[in-house]
Every structure is written in C-alpha cells, then in structure tokens.
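Engineer: Handing over model-v9.txt, compact mmCIF, C-alpha atoms.
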```txt
# COMPACT_ATOMS: atom_id res chain seq x y z
CA MET K 1 32.52 -21.75 -2.05
CA ASP K 2 34.11 -19.02 0.05
CA ALA K 3 33.12 -15.84 1.86
CA THR K 4 33.69 -13.67 -1.20
CA ASP K 5 31.40 -15.86 -3.32
CA LEU K 6 28.64 -15.51 -0.75
CA LYS K 7 29.17 -11.75 -0.43
CA VAL K 8 28.83 -11.39 -4.20
CA PHE K 9 25.75 -13.62 -4.26
CA GLU K 10 24.06 -11.58 -1.51
CA ALA K 11 24.81 -8.27 -3.23
CA VAL K 12 23.43 -9.47 -6.57
CA ALA K 13 20.30 -10.84 -4.87
CA ARG K 14 19.73 -7.58 -3.01
CA HIS K 15 20.20 -5.34 -6.05
CA GLY K 16 18.69 -7.64 -8.68
CA SER K 17 21.56 -6.59 -10.93
CA MET K 18 25.09 -7.80 -11.58
CA ASN K 19 26.13 -4.27 -12.56
CA ARG K 20 24.81 -2.56 -9.42
CA ALA K 21 26.32 -5.29 -7.24
CA ALA K 22 29.70 -4.74 -8.94
CA ALA K 23 29.48 -1.01 -8.25
CA GLU K 24 28.80 -1.65 -4.56
CA LEU K 25 31.65 -4.14 -4.32
CA ASN K 26 34.08 -1.85 -6.18
CA THR K 27 34.77 -4.37 -8.93
CA VAL K 28 33.76 -4.94 -12.55
CA GLN K 29 30.65 -6.73 -13.73
CA SER K 30 32.64 -9.52 -15.37
CA ASN K 31 34.14 -10.47 -11.99
CA VAL K 32 30.71 -10.60 -10.39
CA THR K 33 29.31 -12.67 -13.25
CA ALA K 34 32.24 -15.10 -13.03
CA ARG K 35 31.82 -15.50 -9.27
CA VAL K 36 28.09 -16.21 -9.60
CA ARG K 37 28.61 -18.71 -12.42
CA ALA K 38 31.35 -20.50 -10.46
CA LEU K 39 29.08 -20.72 -7.43
CA GLU K 40 26.19 -22.06 -9.51
CA SER K 41 28.53 -24.58 -11.14
CA GLU K 42 29.76 -25.79 -7.74
CA LEU K 43 26.21 -26.17 -6.42
CA GLY K 44 24.88 -27.62 -9.68
CA ILE K 45 21.85 -25.35 -9.69
CA LEU K 46 20.87 -21.88 -10.93
CA LEU K 47 20.71 -19.18 -8.25
CA PHE K 48 19.44 -16.45 -10.60
CA GLN K 49 17.19 -16.19 -13.61
CA ARG K 50 18.67 -13.74 -16.12
CA HIS K 51 16.47 -11.26 -17.99
CA ALA K 52 16.90 -8.02 -19.93
CA ARG K 53 16.53 -5.77 -16.86
CA GLY K 54 18.81 -7.76 -14.55
CA VAL K 55 18.41 -10.96 -12.56
CA LYS K 56 15.79 -12.56 -10.33
CA VAL K 57 16.59 -14.92 -7.46
CA THR K 58 15.43 -18.50 -8.09
CA PRO K 59 13.69 -20.56 -5.38
CA ALA K 60 17.04 -22.25 -4.68
CA GLY K 61 18.67 -18.85 -4.35
CA ARG K 62 15.98 -17.67 -1.93
CA ARG K 63 16.59 -20.75 0.23
CA MET K 64 20.32 -20.08 0.24
CA LEU K 65 20.15 -16.31 0.83
CA PRO K 66 19.54 -16.32 4.63
CA PHE K 67 22.62 -18.51 5.11
CA ALA K 68 24.74 -16.20 2.98
CA VAL K 69 23.60 -13.23 5.05
CA ARG K 70 24.34 -15.01 8.33
CA ILE K 71 27.77 -16.19 7.18
CA ALA K 72 28.65 -12.67 6.03
CA SER K 73 27.52 -11.38 9.40
CA LEU K 74 29.72 -13.92 11.19
CA PHE K 75 32.76 -12.77 9.20
CA SER K 76 31.92 -9.17 10.04
CA ASP K 77 31.50 -10.07 13.72
CA ALA K 78 34.85 -11.88 13.72
CA LYS K 79 36.62 -8.80 12.36
CA ALA K 80 34.82 -6.55 14.83
CA ALA K 81 35.72 -8.81 17.76
CA ALA K 82 39.39 -8.89 16.76
CA ARG K 83 39.55 -5.09 16.57
CA ASP K 84 37.37 -4.40 19.62
CA GLU K 85 40.05 -3.61 22.18
CA GLY K 86 38.02 -1.87 24.87
CA VAL K 87 37.42 1.73 23.81
CA PRO K 88 34.09 1.97 21.91
CA GLY K 89 34.78 2.93 18.31
CA GLY K 90 34.01 2.17 14.70
CA VAL K 91 30.65 2.25 12.94
CA LEU K 92 27.44 1.34 14.78
CA GLU K 93 24.28 1.09 12.67
CA VAL K 94 20.98 1.07 14.55
CA GLY K 95 17.35 1.72 13.67
CA THR K 96 14.49 3.47 15.40
CA LEU K 97 10.86 4.39 15.01
CA GLU K 98 10.23 7.89 13.68
CA THR K 99 8.34 8.79 16.86
CA THR K 100 11.14 7.58 19.11
CA ALA K 101 13.72 9.47 17.07
CA ALA K 102 11.74 12.69 17.38
CA VAL K 103 11.13 12.72 21.11
CA ARG K 104 13.17 10.16 23.01
CA LEU K 105 16.54 10.06 21.27
CA PRO K 106 17.89 13.60 20.71
CA LEU K 107 19.34 14.09 24.21
CA ILE K 108 20.50 10.47 24.39
CA LEU K 109 22.30 10.71 21.04
CA ALA K 110 23.93 14.00 21.99
CA SER K 111 25.18 12.53 25.25
CA PHE K 112 26.39 9.36 23.51
CA ALA K 113 28.29 11.31 20.85
CA LYS K 114 30.03 13.38 23.52
CA ALA K 115 30.94 10.34 25.63
CA TYR K 116 32.12 8.16 22.70
CA PRO K 117 33.58 10.40 19.98
CA LYS K 118 35.28 7.45 18.24
CA VAL K 119 31.93 5.81 17.44
CA ARG K 120 30.33 6.77 14.13
CA LEU K 121 26.68 6.21 14.90
CA VAL K 122 24.37 5.73 11.90
CA VAL K 123 20.65 5.91 12.76
CA THR K 124 17.96 4.72 10.33
CA THR K 125 14.22 5.29 10.83
CA GLY K 126 11.51 2.89 9.76
CA THR K 127 8.41 1.00 10.81
CA THR K 128 8.46 -1.79 13.38
CA CYS K 129 8.09 -4.44 10.66
CA SER K 130 10.85 -3.04 8.43
CA LEU K 131 13.26 -2.56 11.35
CA ILE K 132 12.72 -6.10 12.62
CA GLU K 133 13.50 -7.41 9.13
CA ASP K 134 16.63 -5.25 8.94
CA VAL K 135 17.92 -6.61 12.25
CA VAL K 136 17.08 -10.23 11.38
CA GLU K 137 18.83 -9.85 8.01
CA CYS K 138 21.88 -8.24 9.72
CA ARG K 139 21.50 -4.90 7.94
CA LEU K 140 21.26 -3.23 11.36
CA GLU K 141 22.95 -4.21 14.61
CA GLY K 142 19.88 -3.33 16.64
CA ALA K 143 16.71 -1.22 16.59
CA LEU K 144 14.14 0.48 18.79
CA VAL K 145 10.69 -0.85 17.86
CA ALA K 146 7.23 -1.25 19.34
CA GLY K 147 7.12 -4.36 21.50
CA PRO K 148 6.74 -7.01 22.45
CA VAL K 149 8.57 -8.74 19.59
CA ASP K 150 8.19 -12.49 19.17
CA HIS K 151 11.00 -13.78 16.95
CA PRO K 152 13.24 -16.78 17.64
CA ASP K 153 16.40 -15.05 16.36
CA LEU K 154 16.02 -11.86 18.40
CA GLN K 155 16.63 -10.68 21.94
CA GLN K 156 14.75 -7.68 23.26
CA GLU K 157 15.02 -5.29 26.17
CA SER K 158 12.31 -2.84 27.22
CA VAL K 159 13.56 0.75 27.10
CA PHE K 160 10.58 3.14 27.10
CA CYS K 161 6.92 2.90 28.02
CA GLU K 162 4.61 5.00 25.86
CA GLU K 163 0.99 6.04 26.35
CA LEU K 164 -0.84 5.98 23.02
CA VAL K 165 -3.61 8.52 22.51
CA LEU K 166 -6.11 9.15 19.75
CA VAL K 167 -5.23 12.47 18.10
CA THR K 168 -8.05 14.29 16.32
CA PRO K 169 -9.05 17.74 15.09
CA THR K 170 -10.26 19.95 17.96
CA SER K 171 -13.82 19.71 16.61
CA ILE K 172 -14.07 16.06 17.70
CA GLN K 173 -15.15 15.73 21.32
CA GLY K 174 -14.47 12.04 21.84
CA ILE K 175 -14.08 8.58 20.34
CA GLU K 176 -17.84 8.19 20.37
CA ASP K 177 -18.07 10.90 17.66
CA LEU K 178 -16.09 8.90 15.10
CA PRO K 179 -18.86 6.59 13.73
CA SER K 180 -20.90 9.64 12.69
CA ILE K 181 -18.10 11.20 10.62
CA PRO K 182 -18.62 10.59 6.88
CA GLU K 183 -15.55 9.36 4.96
CA LEU K 184 -13.36 9.25 8.05
CA LYS K 185 -9.66 9.32 7.18
CA THR K 186 -6.69 8.04 9.15
CA ILE K 187 -3.35 9.87 8.89
CA VAL K 188 -0.67 7.22 9.32
CA PHE K 189 2.82 5.97 8.52
CA ARG K 190 3.20 3.32 5.83
CA ILE K 191 2.09 -0.30 6.28
CA GLY K 192 4.23 -2.04 8.88
CA CYS K 193 3.76 0.67 11.50
CA SER K 194 2.47 -0.89 14.72
CA TYR K 195 0.61 2.31 15.69
CA ARG K 196 -1.28 2.17 12.40
CA GLU K 197 -2.30 -1.42 13.13
CA LYS K 198 -3.45 -0.47 16.62
CA LEU K 199 -5.51 2.41 15.22
CA ASP K 200 -7.20 0.07 12.73
CA ASN K 201 -8.07 -2.30 15.58
CA LEU K 202 -9.39 0.59 17.70
CA LEU K 203 -11.69 1.72 14.90
CA LYS K 204 -12.92 -1.82 14.27
CA ARG K 205 -13.91 -2.10 17.94
CA ALA K 206 -15.84 1.15 17.48
CA GLY K 207 -17.66 -0.38 14.51
CA ILE K 208 -15.73 1.58 11.84
CA PHE K 209 -14.45 -0.58 8.97
CA VAL K 210 -14.13 1.86 6.05
CA ALA K 211 -11.69 4.54 7.25
CA GLN K 212 -9.47 5.71 4.40
CA PRO K 213 -5.73 5.77 5.21
CA LEU K 214 -3.49 8.61 4.06
CA GLU K 215 0.20 7.74 4.38
CA PHE K 216 2.89 10.24 5.34
CA GLY K 217 6.56 9.89 6.18
CA SER K 218 6.97 12.40 8.99
CA ILE K 219 5.37 13.25 12.32
CA ASP K 220 5.07 16.93 11.41
CA ALA K 221 3.07 16.07 8.28
CA ILE K 222 0.77 13.73 10.21
CA LEU K 223 0.09 16.25 13.00
CA GLY K 224 -0.32 19.04 10.46
CA CYS K 225 -2.99 17.10 8.58
CA VAL K 226 -4.83 16.27 11.80
CA ALA K 227 -4.69 19.93 12.89
CA ALA K 228 -6.12 20.94 9.49
CA GLY K 229 -9.08 18.60 10.00
CA VAL K 230 -8.11 16.04 7.37
CA GLY K 231 -8.32 13.01 9.66
CA ILE K 232 -7.26 11.28 12.86
CA THR K 233 -4.22 9.35 14.04
CA LEU K 234 -2.81 7.35 16.93
CA LEU K 235 0.50 8.48 18.44
CA PRO K 236 2.42 8.41 21.72
CA MET K 237 1.34 11.24 23.99
CA SER K 238 4.97 12.33 24.21
CA VAL K 239 4.84 13.05 20.46
CA ALA K 240 1.43 14.76 20.38
CA ALA K 241 1.82 16.75 23.62
CA ALA K 242 3.24 19.96 22.13
CA ALA K 243 0.55 20.24 19.43
CA TRP K 244 -2.12 19.47 22.03
CA ARG K 245 -0.84 22.14 24.45
CA ASP K 246 -0.80 24.67 21.62
CA GLY K 247 -4.46 23.92 20.91
CA GLN K 248 -3.75 22.58 17.42
CA VAL K 249 -5.21 19.12 18.05
CA ALA K 250 -7.31 17.25 20.59
CA VAL K 251 -6.11 14.11 22.35
CA HIS K 252 -8.34 11.37 23.72
CA ARG K 253 -7.08 8.86 26.25
CA LEU K 254 -7.70 5.17 25.76
CA ASP K 255 -8.24 2.32 28.17
CA PRO K 256 -4.93 1.14 29.70
CA GLU K 257 -4.92 -2.11 27.73
CA SER K 258 -5.05 -0.23 24.44
CA ALA K 259 -2.91 2.73 25.48
CA GLU K 260 0.25 1.20 26.92
CA VAL K 261 2.99 0.10 24.53
CA GLN K 262 6.61 -0.74 25.20
CA THR K 263 9.46 0.47 23.04
CA VAL K 264 12.07 -2.29 23.03
CA PHE K 265 15.61 -2.53 21.74
CA ILE K 266 16.10 -5.65 19.63
CA ARG K 267 19.24 -7.38 18.37
CA ARG K 268 20.13 -10.75 16.93
CA ALA K 269 20.68 -13.27 19.71
CA ASP K 270 23.65 -14.81 17.91
CA ALA K 271 25.39 -11.56 16.95
CA TYR K 272 28.58 -10.23 18.51
CA VAL K 273 27.91 -7.26 20.80
CA SER K 274 30.74 -4.77 20.29
CA ASN K 275 31.85 -2.31 22.93
CA ALA K 276 30.17 0.45 20.93
CA HIS K 277 26.93 -1.56 20.78
CA ALA K 278 27.05 -2.27 24.53
CA ALA K 279 27.76 1.40 25.29
CA PHE K 280 24.79 2.51 23.18
CA LEU K 281 22.45 0.08 24.90
CA GLN K 282 23.71 1.25 28.29
CA SER K 283 23.02 4.86 27.28
CA LEU K 284 19.36 3.93 26.72
CA ARG K 285 18.84 2.28 30.11
CA PRO K 286 18.91 5.28 32.47
CA ALA K 287 16.52 7.27 30.28
CA THR K 288 13.68 8.77 32.30
CA GLU K 289 10.08 9.02 31.23
CA LEU K 290 8.92 12.32 29.79
CA PRO K 291 5.94 14.06 31.43
CA VAL K 292 2.94 13.14 29.31
CA ALA K 293 -0.07 13.82 31.50
CA ALA K 294 -3.18 15.01 29.72
CA GLU K 295 -6.33 16.41 31.21
```
Here is a file; write its structure as structure tokens.

Structural biologist:
Amino acid sequence: MDATDLKVFEAVARHGSMNRAAAELNTVQSNVTARVRALESELGILLFQRHARGVKVTPAGRRMLPFAVRIASLFSDAKAAARDEGVPGGVLEVGTLETTAAVRLPLILASFAKAYPKVRLVVTTGTTCSLIEDVVECRLEGALVAGPVDHPDLQQESVFCEELVLVTPTSIQGIEDLPSIPELKTIVFRIGCSYREKLDNLLKRAGIFVAQPLEFGSIDAILGCVAAGVGITLLPMSVAAAAWRDGQVAVHRLDPESAEVQTVFIRRADAYVSNAHAAFLQSLRPATELPVAAE
C-alpha cells in the first residue's frame, strides 16, 4: 500500500466510477483498475462492489475511506510545508456561506488579492453542514460557517456577529400574524442551512408546524420571492437591509437569544496552516461590523 494506491482508491470512491477517477488522475482506466485490485488483494477484502453503472463502496471501503483522505491530506500538507518559504502563494481553497459571500467578503477579498497577488484564492459557497463536511474531509482548507461548531477534528475562530431578522412581505405587520396565514411558505436555502433550521424552530415556537419550504440557491431569488409575497425567510440583517430600506420587504427583530449568531472560520486542527492560509485568516480579523440597525 502506498500513497498512490490510496489516492486512486479515494478518487474511485468519490466518483463511483473507475473511468471518471482515471480522467481526474490523468491516467487510463486499466491503471486505476489494476491499482484497486492490487490494494484489495493486499488487504484481502473487497473495497468496491462492481455493477453495470460503475462501482459502490463496500462497508470495508467506507471504514477505510476517512484514513485515505487524511493520509492524502498529510502528503499534500508535507509538500505545501516544504514549498512554503515565507511569501504567501499557491492555491488556497476556502468555503463560505452564501450570505457571508454577498455582504461580508467582497471588500476583504479585494484587499487580500491586492496584498497577496501570488495566492490563487478559490472560494466555494455552501450550507453550514456541507462546508463543515468539506473541511473535515480535507476538500477545503477552511470555511466561514454559522457557529458555534462542535466537532472534535475542527478548530474555530469567531469572525463576524450577525443579527438574524424575520423577513416578510410588507403586508405582514409582525410575527404574531404568521399563524393566521393559510399555507404559509418559507423561502430558504437547501437542507443543511443553519438559518433554515433556525426559522423552522422559530415557527414551531409560534405554533406553526406545516409551513411549506421553497428552496432557492441565491439571496436575490429568496428576497425577490419574499418581496413578491410568496413567503417568509430568516436572514442576517446585513443581507436584508438594502431590500428593507427600499421598501421591498419588512423586517421583524427577534429576541436576542434567537437573533444573534456568530460566523466562525473553521479548519482542521491537525492540518498544516500555510502562509497563504494564515494571511487569509488575518485578513478576516480586523473586519468591522456593518451598520445593521432597524427601526
């Protein structure tokens, strides 16, 4: 067993296909198949079940996969450490919430790109749940998510403090109006979004258990649907402020316990922190809060 065997195994497991894994690894399918068979022979157990559409990871393969990912990450960290000679450079892959990307990051990213032109920053958006998984599985070096995060493999640092508000059509005067609305709809990101979970809990406390969720992938689509009277949502005030000031939507403040949420930067506790990674984290620290007051 060597690093290449594990890299091939991880790629096949991720793609569910020998052919697609070969394409990613810039080799031919026969090489991938031979590597997998040699690894299975050495271990004395099948790692994949073959079928007409590709392969499926066996229970043994699922148990082995986290170790393969971690070992691959260690090799990557070793290379990065050897080449990390002081000036931040190379590729840095981080994740962020859609809401954070829209409001908090543009000026920070512009400043970072100007200060560190040798860093190729790749930013991926996702939900809190998906981003945590990506960091744990070493697909991202770090991510900005809704905190707090309780995971034994992760370190976190608070970066922003957001005030969540209920965002509704202007016809709704307050939270107390919601139980009387027939077929109430929530306009939300996909499952895994922490704001969606908080909205569900808020409605349950108000005695509403049958709200119908409509999923969208962008803030503009969510705010547009709310403005059109389709439903309600829960967002940081910093995100909803412009639409509220323009009179497109109404915002309703919550009690402090429900409203305050921290945006934290997470990374694997055992991962190497490159100069580029450290510089990016430092660029987040002096960020100032945006004015979000609502009347």

Engineer: Using only C-alpha atoms, determine which residues lie at most 10 Å from Leu43 in chain K, disregarding the query and same-chain residues fewer than 5 positions distant; provide the list as a PyMOL selection string.

Structural biologist: chain K and resi 1+37-38

Engineer: If you count all atoms listed in the file, which residues fall within 12 Å of Arg53 in chain K, apart from same-chain ones fewer than 4 positions away, as a ChimeraX atom specification?

Structural biologist: /K:15-20,49

Engineer: When you draw a straight line from CA of Glu176 in chain K to CA of Leu235 in chain K, how long is it in Å?

Structural biologist: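 These atoms are spaced 18.4 Å apart.
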
Engineer: Between CA of Val149 in chain K and CA of Leu284 in chain K, measure the distance and give it in Å to one decimal.

Structural biologist: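 These atoms are spaced 18.1 Å apart.
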
Engineer: Range 127-134 of chain K: which residues within 8 Å, counting all atoms listed in the file, same-chain residues fewer than 3 positions away excluded, as a list in words?

Structural biologist: Gly95, Thr96, Leu97, Glu98, Glu137, Cys138, Arg139, Leu140, Ala143, Val145, Ala146, Phe189, Arg190, Ile191, Gly192, Cys193, Ser194 and Ile266 of chain K

Engineer: Under the rule that all atoms listed in the file are counted, which of K:Val251, K:Ala227, K:Ile175, K:Val12 is the nearest residue to Arg50 in chain K?

Structural biologist: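 Closest to Arg50 in chain K of all the choices is K:Val12.
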
Engineer: Which residues are near range 103-117 of chain K? Cut-off 9 Å, only C-alpha atoms, ignore same chain within fewer than 5 positions. Put them as a list of chain:residue names.

Structural biologist: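 Result of the neighbour search: K:Val87, K:Pro88, K:Gly89, K:Glu98, K:Phe160, K:Ser238, K:Val239, K:Ala276, K:Ala279, K:Phe280, K:Ser283, K:Leu284, K:Ala287, K:Glu289, K:Leu290.
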
Engineer: Those same residues, written as a JSON list (two decimals), keeping the file's coordinate frame with C-alpha atoms?

Structural biologist:
```json
[["chain", "number", "residue", "atom", "x", "y", "z"],
["K", 87, "VAL", "CA", 37.42, 1.73, 23.81],
["K", 88, "PRO", "CA", 34.09, 1.97, 21.91],
["K", 89, "GLY", "CA", 34.78, 2.93, 18.31],
["K", 98, "GLU", "CA", 10.23, 7.89, 13.68],
["K", 160, "PHE", "CA", 10.58, 3.14, 27.10],
["K", 238, "SER", "CA", 4.97, 12.33, 24.21],
["K", 239, "VAL", "CA", 4.84, 13.05, 20.46],
["K", 276, "ALA", "CA", 30.17, 0.45, 20.93],
["K", 279, "ALA", "CA", 27.76, 1.40, 25.29],
["K", 280, "PHE", "CA", 24.79, 2.51, 23.18],
["K", 283, "SER", "CA", 23.02, 4.86, 27.28],
["K", 284, "LEU", "CA", 19.36, 3.93, 26.72],
["K", 287, "ALA", "CA", 16.52, 7.27, 30.28],
["K", 289, "GLU", "CA", 10.08, 9.02, 31.23],
["K", 290, "LEU", "CA", 8.92, 12.32, 29.79]]
```

Engineer: I'd like to know which of K:Leu164, K:Leu121, K:Val55, K:Ala81 is closest to Pro236 in chain K, using only C-alpha atoms.

Structural biologist: K:Leu164

Engineer: To one decimal place in Å, what is the distance between CA of Val32 in chain K and CA of Ala80 in chain K?

Structural biologist: 25.9 Å

Engineer: Considering only C-alpha atoms, state which residue in the set K:Val91, K:Leu6, K:Val136, K:Ala23 is at the smallest distance from Asn275 in chain K.

Structural biologist: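 With only C-alpha atoms as the atom set, the closest residue is K:Val91.
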
Engineer: Hey, which of K:Ala243, K:Leu166, K:Leu144, K:Ala13 ends up closest to Asp200 in chain K? Count all atoms listed in the file.

Structural biologist: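 Of all the options, K:Leu166 lies closest to Asp200 in chain K.
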
Engineer: Within 7 Å of (13.4, -4.0, 27.9) in the file's own coordinates, which protein, DNA or RNA residues have an atom, counting all atoms listed in the file? List them as a list in words.

Structural biologist: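 It turns out the residues near that spot are Gln156, Glu157, Ser158, Val159, Val264 and Phe265 of chain K.
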
Engineer: Considering all atoms listed in the file, can you say which of K:Leu25, K:Ala259, K:Ile172, K:Val167 comes closest to Ala241 in chain K?

Structural biologist: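 Checking each candidate against Ala241 in chain K, we get K:Val167 as the closest.
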
Engineer: Might you pull out every residue within 10 Å of range 59-64 of chain K, with all atoms listed in the file counted and same-chain residues fewer than 3 positions away left off, and present them as a ChimeraX atom specification?

Structural biologist: /K:6,9-10,13,40,45-49,56,67-69

Engineer: Rank K:Trp244, K:Ile71, K:Thr58, K:Thr27 by their smallest atom-to-atom distance to Lys7 in chain K, using only C-alpha atoms, and report the top residue only.

Structural biologist: K:Ile71

Engineer: List every protein, DNA or RNA residue that has an atom no more than 6 Å from (-14.0, 9.2, 10.3) in the file's coordinate frame, counting all atoms listed in the file, and report them as an MDAnalysis selection string.

Structural biologist: chainID K and resid 178 181:185
